[in-house]
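Okay, so here's the structure we're looking at.
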Amino acid sequence: MVADPSGRETHRGKFPRASRLLRTAEFDATFAQRLSAGDGVLVIHAKPSGLEHPRLGLVVSRKVGNAVRRNRWKRLLRAAFRLNQHKLPAMDLVCVPRQRDEPTLLEVANSLTRLADKLRQKSERRAVPPASGSGEAVPPPQTGC
RNA sequence: GGAGAGGACCGGGCGACCGCUGGUUGGCGCUUCAUCGCGUCGACGGGAGGAAAGUCCGGGCGGCACAGGGCAGGGUGGUGGGUAACUCCCACCGGCCGCGAGGCCAGGGCAAGUGCAACAGAAAGCAAACCGCCGAUGGGAACGACGGUAGCGGCUCCGCCGCCAAGGCGUUCCACAGGUAAGGGUGAAACGGUGCGGUAAGAGCGCACCAGCGGGCGGGGCGACUCGCUCGGCUAGGUAAACCCCACCCGACGCAAGGCCAAACAGGGGGCAUGAGUCGGCCCGACUCGCUAUCGACCCCCGGGUAGGCUGCUCGAGGCGGCGGGCAACCGCCGCCCUAGAGGAAUGGUCGCCGCCACGCUGGCAACAGCGCGGCACAAAACCCGGCUUACAGGUCCUCUCCGGCU
RNA sequence: UGGGGAUUGGUGUAAUCGGUAGCACGACGGAUUCUGAUUCCGUUAGUCGGGGUUCAAGUCCCUGAUCCCCAG
């Protein structure tokens, strides 16, 4: 099993609607500030969610396959997110499948946790060096000219 | 037993743990006078298909438009039924294919008009005539008999001899006019087929039979149509899924339709004298009435309306069973049942056992048995129905046809 | 959800009213050249699939496939 069988200390794998990206505005905000990471299975675009927990967004285009295949991908992504959400950083994660073939749950879960970990490191590197602390898209106040 | 035709149906099963979602229901929190509502944690029992698909037709439903009718545009096309409706379904008619069970196709009109037919061919649509056949009739040429006649000339002038027509007739030749469409060849297609007569040669020119067309009469059928008899003229080609004519049907748009609530920002009107009223479609303006208070902002109210939310949203031309009518499609009556309602979009994830299929290994003469490994289709509601079309691993059942074997 | 368009050799594209599917580049072979390039000659290979109408279909009709675009 991927998730530890006794992982019911905080959340035992629930997946409420609050853990999902549902609106176009939320997707647009993520893409505007995104950090990206990808491997052979997935591409993830992410930004800090500003909440206590991560949130999942799904983008599965028609190029992946027909409706049955797209639904299969989305269900696997939700399952992988649900079973591993206690290990994920508190970010909005927009997941995009990269291949047509249907993967196994293990592949998706491994890819998701590994990429989320990389995104957490990237996010921390971006937040720390300027030390301005505002964290938004404030341009650095150095005098360029 | 083999080969095939038509139709109906199923399209994995059981279980464990963890999730999602609509319903009912319980606890807690927020809110409220309260209900309601929101959040959260439980319980119970629901939760994709035969095609849910493609979106090719038809309807319901919705607001909008609309007197009637016509034009334009689009669709349909054997007949009779079914249906809310259809390009669908059923039955029958006709044509083609198949030994057969059966399958496929489609209206009428190119004997209203316009158009098209490459190449080949003499000629492609109304008749003409390339090779050919004939040349009867007309024309030309040669020969023959009439006839060595008429006529002319000579002489020995009864007469005889020499030269020698015209004309029509007959035979042969020419193929000029003309006749012909049988044969040749081209083509997808060339103005019926076979035989006999007929002719100069031929031809429906005549006749017999056959094919086809039209009319009449009679039988059958609601009808498409069909059967029989008879008469006629002997034929009037193909293509309308070419333009078109004829008959019938269609208002266009679509649940992101439509309805309700409604934040923030901006803006409109008012509270507030730059007011109210009249003229006027509106602004400006004019007139009448009212009023004499510094201006502006904050603030408050009203309506439109965006984000967003709710609704439309699932009880329906509904399903199952029985009886009755009908060849059938289908219809009527009675009884029972409620069976998905999502919205960045749920209906799932993982595992175990069973089932089916293929492969490998072992045992066995074989049927088969055991083990291992892999696979189990197509395709997912998006307002709802009726059809059509297309995709589909594997499997079940029914009816029928042909061939072979045995009894 | 609704609407529109496209599909022709390996690639990009023509084909009037239905009548021999052309052109360019490419590939291959040959000639010219000492060799290569250029040039010349020749070859290769095609109407998205399946049915239908027609004597004949890239074209007309039906049905499917793939791709692109537009509106809300």
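Naming scheme: A, B, ... for chains in displayed order of the structure tokens; residues 1 onward per chain; ligands 1 onward as shown.
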
Original post:
Near chain B, which residues of chain A fall within 9 Å when you count only C-alpha atoms (C1' of nucleotides), and what do they look like as JSON, numbers by chain?
Top reply: {"A": [1, 12, 13, 14, 15, 16, 21, 22, 23, 24, 27, 57, 58, 59, 66, 67, 68, 71, 75, 76, 79, 80, 82, 105]}

**OP:** From a DSSP calculation on the backbone, collect every residue of region 4-143 of chain A in strand (DSSP E) and output the set as a list in words.
**Re:** Leu35, Ser36, Ala37, Gly38, Leu42, Val43, Ile44, His45, Ala46, Lys47, Pro48, Arg55, Leu56, Gly57, Leu58, Met91, Asp92, Leu93, Val94, Cys95, Val96 and Pro97 of chain A

Residue subset to file, keeping N, CA, C and O atoms, as a PDB file, in the first residue's frame:
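Result file follows (selection32.pdb):
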```pdb
ATOM      1  N   LEU A  35       4.618  27.903 -10.228  1.00  0.00           N
ATOM      2  CA  LEU A  35       5.885  27.192 -10.270  1.00  0.00           C
ATOM      3  C   LEU A  35       5.551  25.860 -10.911  1.00  0.00           C
ATOM      4  O   LEU A  35       4.524  25.274 -10.612  1.00  0.00           O
ATOM      5  N   SER A  36       6.443  25.386 -11.782  1.00  0.00           N
ATOM      6  CA  SER A  36       6.120  24.159 -12.494  1.00  0.00           C
ATOM      7  C   SER A  36       7.169  23.108 -12.237  1.00  0.00           C
ATOM      8  O   SER A  36       8.345  23.417 -12.040  1.00  0.00           O
ATOM      9  N   ALA A  37       6.696  21.869 -12.276  1.00  0.00           N
ATOM     10  CA  ALA A  37       7.614  20.738 -12.233  1.00  0.00           C
ATOM     11  C   ALA A  37       6.950  19.600 -12.971  1.00  0.00           C
ATOM     12  O   ALA A  37       5.724  19.511 -13.011  1.00  0.00           O
ATOM     13  N   GLY A  38       7.756  18.754 -13.584  1.00  0.00           N
ATOM     14  CA  GLY A  38       7.159  17.665 -14.325  1.00  0.00           C
ATOM     15  C   GLY A  38       8.109  16.507 -14.458  1.00  0.00           C
ATOM     16  O   GLY A  38       9.316  16.648 -14.257  1.00  0.00           O
ATOM     17  N   LEU A  42       3.535  13.332 -15.193  1.00  0.00           N
ATOM     18  CA  LEU A  42       2.704  14.482 -14.883  1.00  0.00           C
ATOM     19  C   LEU A  42       3.462  15.780 -15.106  1.00  0.00           C
ATOM     20  O   LEU A  42       4.691  15.795 -15.109  1.00  0.00           O
ATOM     21  N   VAL A  43       2.699  16.858 -15.240  1.00  0.00           N
ATOM     22  CA  VAL A  43       3.217  18.194 -15.059  1.00  0.00           C
ATOM     23  C   VAL A  43       2.345  18.840 -13.997  1.00  0.00           C
ATOM     24  O   VAL A  43       1.120  18.698 -14.047  1.00  0.00           O
ATOM     25  N   ILE A  44       2.995  19.527 -13.004  1.00  0.00           N
ATOM     26  CA  ILE A  44       2.225  20.195 -11.962  1.00  0.00           C
ATOM     27  C   ILE A  44       2.570  21.672 -11.970  1.00  0.00           C
ATOM     28  O   ILE A  44       3.739  22.051 -11.990  1.00  0.00           O
ATOM     29  N   HIS A  45       1.522  22.494 -12.006  1.00  0.00           N
ATOM     30  CA  HIS A  45       1.674  23.929 -11.833  1.00  0.00           C
ATOM     31  C   HIS A  45       1.133  24.248 -10.439  1.00  0.00           C
ATOM     32  O   HIS A  45       0.062  23.763 -10.074  1.00  0.00           O
ATOM     33  N   ALA A  46       1.863  25.070  -9.682  1.00  0.00           N
ATOM     34  CA  ALA A  46       1.457  25.247  -8.289  1.00  0.00           C
ATOM     35  C   ALA A  46       1.752  26.651  -7.812  1.00  0.00           C
ATOM     36  O   ALA A  46       2.572  27.363  -8.387  1.00  0.00           O
ATOM     37  N   LYS A  47       1.012  27.037  -6.757  1.00  0.00           N
ATOM     38  CA  LYS A  47       1.323  28.244  -6.004  1.00  0.00           C
ATOM     39  C   LYS A  47       0.933  27.973  -4.558  1.00  0.00           C
ATOM     40  O   LYS A  47       0.121  27.063  -4.288  1.00  0.00           O
ATOM     41  N   PRO A  48       1.489  28.737  -3.597  1.00  0.00           N
ATOM     42  CA  PRO A  48       1.066  28.537  -2.202  1.00  0.00           C
ATOM     43  C   PRO A  48      -0.416  28.824  -2.064  1.00  0.00           C
ATOM     44  O   PRO A  48      -0.933  29.793  -2.629  1.00  0.00           O
ATOM     45  N   ARG A  55      -4.543  21.941  -2.116  1.00  0.00           N
ATOM     46  CA  ARG A  55      -5.749  21.786  -2.935  1.00  0.00           C
ATOM     47  C   ARG A  55      -5.346  21.246  -4.296  1.00  0.00           C
ATOM     48  O   ARG A  55      -4.257  21.515  -4.804  1.00  0.00           O
ATOM     49  N   LEU A  56      -6.287  20.500  -4.898  1.00  0.00           N
ATOM     50  CA  LEU A  56      -5.989  19.819  -6.154  1.00  0.00           C
ATOM     51  C   LEU A  56      -6.834  20.409  -7.283  1.00  0.00           C
ATOM     52  O   LEU A  56      -8.036  20.620  -7.122  1.00  0.00           O
ATOM     53  N   GLY A  57      -6.166  20.668  -8.397  1.00  0.00           N
ATOM     54  CA  GLY A  57      -6.884  21.059  -9.610  1.00  0.00           C
ATOM     55  C   GLY A  57      -6.525  20.114 -10.726  1.00  0.00           C
ATOM     56  O   GLY A  57      -5.379  19.658 -10.822  1.00  0.00           O
ATOM     57  N   LEU A  58      -7.493  19.826 -11.569  1.00  0.00           N
ATOM     58  CA  LEU A  58      -7.277  18.847 -12.630  1.00  0.00           C
ATOM     59  C   LEU A  58      -7.436  19.508 -13.994  1.00  0.00           C
ATOM     60  O   LEU A  58      -8.397  20.243 -14.223  1.00  0.00           O
ATOM     61  N   MET A  91      -0.170  23.823  -0.891  1.00  0.00           N
ATOM     62  CA  MET A  91      -0.128  24.569  -2.140  1.00  0.00           C
ATOM     63  C   MET A  91      -1.325  24.165  -2.998  1.00  0.00           C
ATOM     64  O   MET A  91      -1.935  23.122  -2.775  1.00  0.00           O
ATOM     65  N   ASP A  92      -1.635  25.029  -3.971  1.00  0.00           N
ATOM     66  CA  ASP A  92      -2.617  24.656  -4.994  1.00  0.00           C
ATOM     67  C   ASP A  92      -1.872  23.939  -6.101  1.00  0.00           C
ATOM     68  O   ASP A  92      -0.988  24.517  -6.735  1.00  0.00           O
ATOM     69  N   LEU A  93      -2.241  22.709  -6.365  1.00  0.00           N
ATOM     70  CA  LEU A  93      -1.517  21.878  -7.324  1.00  0.00           C
ATOM     71  C   LEU A  93      -2.431  21.597  -8.519  1.00  0.00           C
ATOM     72  O   LEU A  93      -3.459  20.930  -8.368  1.00  0.00           O
ATOM     73  N   VAL A  94      -2.074  22.136  -9.672  1.00  0.00           N
ATOM     74  CA  VAL A  94      -2.836  21.850 -10.880  1.00  0.00           C
ATOM     75  C   VAL A  94      -2.086  20.778 -11.644  1.00  0.00           C
ATOM     76  O   VAL A  94      -0.959  21.006 -12.095  1.00  0.00           O
ATOM     77  N   CYS A  95      -2.686  19.599 -11.765  1.00  0.00           N
ATOM     78  CA  CYS A  95      -2.007  18.449 -12.349  1.00  0.00           C
ATOM     79  C   CYS A  95      -2.475  18.229 -13.776  1.00  0.00           C
ATOM     80  O   CYS A  95      -3.667  18.256 -14.057  1.00  0.00           O
ATOM     81  N   VAL A  96      -1.509  18.020 -14.665  1.00  0.00           N
ATOM     82  CA  VAL A  96      -1.796  17.794 -16.074  1.00  0.00           C
ATOM     83  C   VAL A  96      -1.138  16.489 -16.484  1.00  0.00           C
ATOM     84  O   VAL A  96       0.079  16.351 -16.352  1.00  0.00           O
ATOM     85  N   PRO A  97      -1.897  15.544 -16.990  1.00  0.00           N
ATOM     86  CA  PRO A  97      -1.276  14.298 -17.465  1.00  0.00           C
ATOM     87  C   PRO A  97      -0.423  14.560 -18.687  1.00  0.00           C
ATOM     88  O   PRO A  97      -0.722  15.421 -19.514  1.00  0.00           O
TER      89      PRO A  97
END
```

I'd like the contact shell of region 136-153 of chain B - 12 Å cut-off, only C-alpha atoms (C1' of nucleotides), skipping same-chain residues fewer than 5 positions apart - returned as an mmCIF file with N, CA and C atoms (P, O5', C5', C4', C3', O3' and C1' of nucleotides), in the first residue's frame.
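Output contents, as saved in selection.cif:
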```cif
data_model
loop_
_atom_site.group_PDB
_atom_site.id
_atom_site.type_symbol
_atom_site.label_atom_id
_atom_site.label_comp_id
_atom_site.auth_asym_id
_atom_site.auth_seq_id
_atom_site.Cartn_x
_atom_site.Cartn_y
_atom_site.Cartn_z
ATOM 1 P P C B 161 -29.485 -5.587 -154.890
ATOM 2 O "O5'" C B 161 -28.332 -4.518 -155.065
ATOM 3 C "C5'" C B 161 -27.097 -4.868 -155.654
ATOM 4 C "C4'" C B 161 -26.196 -3.674 -155.849
ATOM 5 C "C3'" C B 161 -25.798 -2.938 -154.579
ATOM 6 O "O3'" C B 161 -24.744 -3.574 -153.887
ATOM 7 C "C1'" C B 161 -26.437 -1.359 -156.221
ATOM 8 P P G B 162 -24.589 -3.332 -152.269
ATOM 9 O "O5'" G B 162 -24.069 -1.833 -152.118
ATOM 10 C "C5'" G B 162 -22.738 -1.500 -152.519
ATOM 11 C "C4'" G B 162 -22.518 -0.003 -152.437
ATOM 12 C "C3'" G B 162 -22.742 0.633 -151.065
ATOM 13 O "O3'" G B 162 -21.609 0.475 -150.215
ATOM 14 C "C1'" G B 162 -23.800 1.948 -152.706
ATOM 15 P P C B 163 -21.805 0.383 -148.645
ATOM 16 O "O5'" C B 163 -22.157 1.875 -148.255
ATOM 17 C "C5'" C B 163 -21.182 2.906 -148.389
ATOM 18 C "C4'" C B 163 -21.791 4.268 -148.108
ATOM 19 C "C3'" C B 163 -22.427 4.434 -146.724
ATOM 20 O "O3'" C B 163 -21.473 4.732 -145.727
ATOM 21 C "C1'" C B 163 -23.896 5.296 -148.373
ATOM 22 P P C B 164 -21.626 4.052 -144.290
ATOM 23 O "O5'" C B 164 -23.098 4.434 -143.820
ATOM 24 C "C5'" C B 164 -23.391 5.732 -143.345
ATOM 25 C "C4'" C B 164 -24.893 5.967 -143.301
ATOM 26 C "C3'" C B 164 -25.658 5.191 -142.229
ATOM 27 O "O3'" C B 164 -25.563 5.812 -140.974
ATOM 28 C "C1'" C B 164 -26.806 5.046 -144.288
ATOM 29 P P A B 165 -25.725 4.899 -139.645
ATOM 30 O "O5'" A B 165 -27.300 4.787 -139.494
ATOM 31 C "C5'" A B 165 -27.952 5.426 -138.429
ATOM 32 C "C4'" A B 165 -28.386 6.831 -138.798
ATOM 33 C "C3'" A B 165 -29.363 7.454 -137.836
ATOM 34 O "O3'" A B 165 -28.716 8.053 -136.740
ATOM 35 C "C1'" A B 165 -30.159 7.683 -140.041
ATOM 36 P P A B 166 -29.096 7.656 -135.166
ATOM 37 O "O5'" A B 166 -30.513 8.311 -135.021
ATOM 38 C "C5'" A B 166 -30.683 9.719 -135.145
ATOM 39 C "C4'" A B 166 -32.144 10.087 -135.275
ATOM 40 C "C3'" A B 166 -33.051 9.520 -134.186
ATOM 41 O "O3'" A B 166 -33.061 10.317 -133.026
ATOM 42 C "C1'" A B 166 -33.990 9.095 -136.312
ATOM 43 P P G B 167 -32.952 9.641 -131.512
ATOM 44 O "O5'" G B 167 -34.298 8.797 -131.431
ATOM 45 C "C5'" G B 167 -35.564 9.441 -131.429
ATOM 46 C "C4'" G B 167 -36.675 8.455 -131.701
ATOM 47 C "C3'" G B 167 -36.730 7.273 -130.744
ATOM 48 O "O3'" G B 167 -37.378 7.570 -129.534
ATOM 49 C "C1'" G B 167 -36.879 6.493 -132.976
ATOM 50 P P G B 168 -36.541 7.516 -128.086
ATOM 51 O "O5'" G B 168 -37.033 6.119 -127.482
ATOM 52 C "C5'" G B 168 -38.395 5.934 -127.106
ATOM 53 C "C4'" G B 168 -38.990 4.700 -127.724
ATOM 54 C "C3'" G B 168 -38.516 3.373 -127.129
ATOM 55 O "O3'" G B 168 -39.198 3.039 -125.936
ATOM 56 C "C1'" G B 168 -38.435 3.257 -129.491
ATOM 57 P P C B 169 -38.431 2.240 -124.793
ATOM 58 O "O5'" C B 169 -38.200 0.805 -125.452
ATOM 59 C "C5'" C B 169 -39.310 -0.041 -125.742
ATOM 60 C "C4'" C B 169 -38.851 -1.334 -126.380
ATOM 61 C "C3'" C B 169 -37.804 -2.113 -125.626
ATOM 62 O "O3'" C B 169 -38.355 -2.843 -124.546
ATOM 63 C "C1'" C B 169 -37.198 -2.038 -127.915
ATOM 64 P P G B 170 -37.431 -2.980 -123.143
ATOM 65 O "O5'" G B 170 -36.334 -4.062 -123.545
ATOM 66 C "C5'" G B 170 -36.717 -5.378 -123.903
ATOM 67 C "C4'" G B 170 -35.548 -6.161 -124.449
ATOM 68 C "C3'" G B 170 -34.310 -6.186 -123.563
ATOM 69 O "O3'" G B 170 -34.420 -7.139 -122.519
ATOM 70 C "C1'" G B 170 -33.673 -5.723 -125.793
ATOM 71 P P U B 171 -33.676 -6.820 -121.115
ATOM 72 O "O5'" U B 171 -32.138 -7.087 -121.439
ATOM 73 C "C5'" U B 171 -31.704 -8.384 -121.804
ATOM 74 C "C4'" U B 171 -30.264 -8.371 -122.258
ATOM 75 C "C3'" U B 171 -29.263 -7.754 -121.295
ATOM 76 O "O3'" U B 171 -28.887 -8.635 -120.244
ATOM 77 C "C1'" U B 171 -28.855 -6.912 -123.453
ATOM 78 P P U B 172 -28.497 -7.986 -118.795
ATOM 79 O "O5'" U B 172 -27.087 -7.304 -119.078
ATOM 80 C "C5'" U B 172 -25.960 -8.112 -119.411
ATOM 81 C "C4'" U B 172 -24.796 -7.264 -119.887
ATOM 82 C "C3'" U B 172 -24.301 -6.216 -118.908
ATOM 83 O "O3'" U B 172 -23.473 -6.743 -117.887
ATOM 84 C "C1'" U B 172 -24.471 -5.259 -121.053
ATOM 85 P P C B 173 -23.420 -5.983 -116.424
ATOM 86 O "O5'" C B 173 -22.643 -4.622 -116.728
ATOM 87 C "C5'" C B 173 -21.281 -4.662 -117.120
ATOM 88 C "C4'" C B 173 -20.810 -3.311 -117.608
ATOM 89 C "C3'" C B 173 -20.815 -2.183 -116.589
ATOM 90 O "O3'" C B 173 -19.700 -2.233 -115.726
ATOM 91 C "C1'" C B 173 -21.693 -1.400 -118.648
ATOM 92 P P C B 174 -19.849 -1.590 -114.206
ATOM 93 O "O5'" C B 174 -19.981 -0.026 -114.459
ATOM 94 C "C5'" C B 174 -18.884 0.728 -114.981
ATOM 95 C "C4'" C B 174 -19.277 2.170 -115.137
ATOM 96 C "C3'" C B 174 -19.670 2.900 -113.864
ATOM 97 O "O3'" C B 174 -18.522 3.385 -113.197
ATOM 98 C "C1'" C B 174 -21.164 3.459 -115.644
ATOM 99 P P A B 175 -18.358 3.077 -111.571
ATOM 100 O "O5'" A B 175 -19.462 3.978 -110.902
ATOM 101 C "C5'" A B 175 -19.458 5.402 -111.112
ATOM 102 C "C4'" A B 175 -20.808 5.978 -110.783
ATOM 103 C "C3'" A B 175 -21.159 5.960 -109.292
ATOM 104 O "O3'" A B 175 -21.986 7.076 -108.979
ATOM 105 C "C1'" A B 175 -22.694 4.633 -110.471
ATOM 106 P P C B 176 -21.303 8.498 -108.696
ATOM 107 O "O5'" C B 176 -21.718 9.240 -110.035
ATOM 108 C "C5'" C B 176 -21.394 10.599 -110.217
ATOM 109 C "C4'" C B 176 -22.563 11.333 -110.793
ATOM 110 C "C3'" C B 176 -23.846 11.273 -109.982
ATOM 111 O "O3'" C B 176 -23.821 12.147 -108.866
ATOM 112 C "C1'" C B 176 -24.362 10.899 -112.251
ATOM 113 P P A B 177 -24.651 11.783 -107.531
ATOM 114 O "O5'" A B 177 -26.155 12.060 -107.966
ATOM 115 C "C5'" A B 177 -26.579 13.383 -108.285
ATOM 116 C "C4'" A B 177 -27.958 13.386 -108.882
ATOM 117 C "C3'" A B 177 -29.063 12.856 -107.974
ATOM 118 O "O3'" A B 177 -29.481 13.781 -107.001
ATOM 119 C "C1'" A B 177 -29.302 11.945 -110.127
ATOM 120 P P G B 178 -29.552 13.319 -105.431
ATOM 121 O "O5'" G B 178 -30.527 12.057 -105.480
ATOM 122 C "C5'" G B 178 -31.898 12.221 -105.834
ATOM 123 C "C4'" G B 178 -32.519 10.913 -106.230
ATOM 124 C "C3'" G B 178 -32.716 9.912 -105.106
ATOM 125 O "O3'" G B 178 -33.857 10.187 -104.313
ATOM 126 C "C1'" G B 178 -31.771 8.819 -106.971
ATOM 127 P P G B 179 -33.854 9.805 -102.754
ATOM 128 O "O5'" G B 179 -34.057 8.226 -102.783
ATOM 129 C "C5'" G B 179 -35.245 7.679 -103.337
ATOM 130 C "C4'" G B 179 -35.192 6.175 -103.343
ATOM 131 C "C3'" G B 179 -34.914 5.533 -101.995
ATOM 132 O "O3'" G B 179 -36.080 5.419 -101.212
ATOM 133 C "C1'" G B 179 -33.527 4.553 -103.648
ATOM 134 P P U B 199 -42.184 -9.187 -105.541
ATOM 135 O "O5'" U B 199 -41.101 -8.020 -105.487
ATOM 136 C "C5'" U B 199 -41.506 -6.678 -105.259
ATOM 137 C "C4'" U B 199 -40.322 -5.831 -104.884
ATOM 138 C "C3'" U B 199 -39.125 -5.931 -105.817
ATOM 139 O "O3'" U B 199 -39.275 -5.122 -106.957
ATOM 140 C "C1'" U B 199 -38.413 -6.037 -103.551
ATOM 141 P P A B 200 -38.770 -5.657 -108.416
ATOM 142 O "O5'" A B 200 -37.194 -5.401 -108.322
ATOM 143 C "C5'" A B 200 -36.264 -6.020 -109.197
ATOM 144 C "C4'" A B 200 -34.876 -5.499 -108.911
ATOM 145 C "C3'" A B 200 -34.431 -5.642 -107.472
ATOM 146 O "O3'" A B 200 -33.801 -6.889 -107.263
ATOM 147 C "C1'" A B 200 -34.061 -3.417 -108.227
ATOM 148 P P A B 201 -34.083 -7.692 -105.888
ATOM 149 O "O5'" A B 201 -33.267 -6.873 -104.795
ATOM 150 C "C5'" A B 201 -31.843 -6.802 -104.863
ATOM 151 C "C4'" A B 201 -31.322 -5.698 -103.969
ATOM 152 C "C3'" A B 201 -31.808 -5.778 -102.520
ATOM 153 O "O3'" A B 201 -31.010 -6.650 -101.744
ATOM 154 C "C1'" A B 201 -32.044 -3.565 -103.343
#
```

Original post:
Could you pull out the helix (DSSP H, G or I) residues of region 72-102 of chain A from DSSP and send them as number ranges by chain?
Top reply: A: 72-87

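Taking only C-alpha atoms (C1' of nucleotides) into account, A8 (chain B) lies nearest to B:U396 out of the set B:G404, B:G214, B:U396, B:A329.
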
Subject >> Test item: residues at most 12 Å from G277 (chain B), only C-alpha atoms (C1' of nucleotides), excluding those fewer than 4 positions along its chain, as a list in words >> reply: C287, U288, C289 and G290 of chain B

Output file for the residues above (N, CA, C and O atoms (P, O5', C5', C4', C3', O3' and C1' of nucleotides), as a CSV table (one decimal), in the first residue's frame):
```csv
chain,number,residue,atom,x,y,z
B,287,C,P,-40.9,82.2,-20.9
B,287,C,O5',-42.3,81.6,-20.4
B,287,C,C5',-43.5,81.9,-21.1
B,287,C,C4',-44.7,81.1,-20.8
B,287,C,C3',-45.0,81.0,-19.3
B,287,C,O3',-45.8,82.2,-18.9
B,287,C,C1',-45.0,78.8,-20.1
B,288,U,P,-45.6,82.7,-17.4
B,288,U,O5',-46.4,81.6,-16.5
B,288,U,C5',-47.8,81.4,-16.7
B,288,U,C4',-48.3,80.2,-15.9
B,288,U,C3',-48.0,80.3,-14.4
B,288,U,O3',-48.9,81.1,-13.6
B,288,U,C1',-47.6,78.1,-15.3
B,289,C,P,-48.3,81.8,-12.3
B,289,C,O5',-48.2,80.6,-11.3
B,289,C,C5',-49.3,79.9,-10.8
B,289,C,C4',-49.0,78.6,-10.1
B,289,C,C3',-48.1,78.9,-8.8
B,289,C,O3',-48.8,79.3,-7.7
B,289,C,C1',-47.2,77.0,-10.1
B,290,G,P,-48.2,80.2,-6.6
B,290,G,O5',-47.1,79.3,-5.9
B,290,G,C5',-47.5,78.2,-5.1
B,290,G,C4',-46.3,77.4,-4.7
B,290,G,C3',-45.2,78.1,-4.0
B,290,G,O3',-45.4,78.2,-2.6
B,290,G,C1',-44.2,76.8,-5.7
```

Original post:
Of the candidates B:G183, B:G259, B:G325, B:G54, which shows the shortest atom-to-atom distance to U63 (chain C), using only C-alpha atoms (C1' of nucleotides)?
Top reply: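 Going through B:G183, B:G259, B:G325, B:G54 one by one, the smallest distance to U63 (chain C) is for B:G54.
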
Original post:
So how many Å separate CA of Arg69 (chain A) and CA of Glu102 (chain A), to one decimal?
Top reply: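 Going from CA of Arg69 (chain A) over to CA of Glu102 (chain A), I get 7.4 Å.
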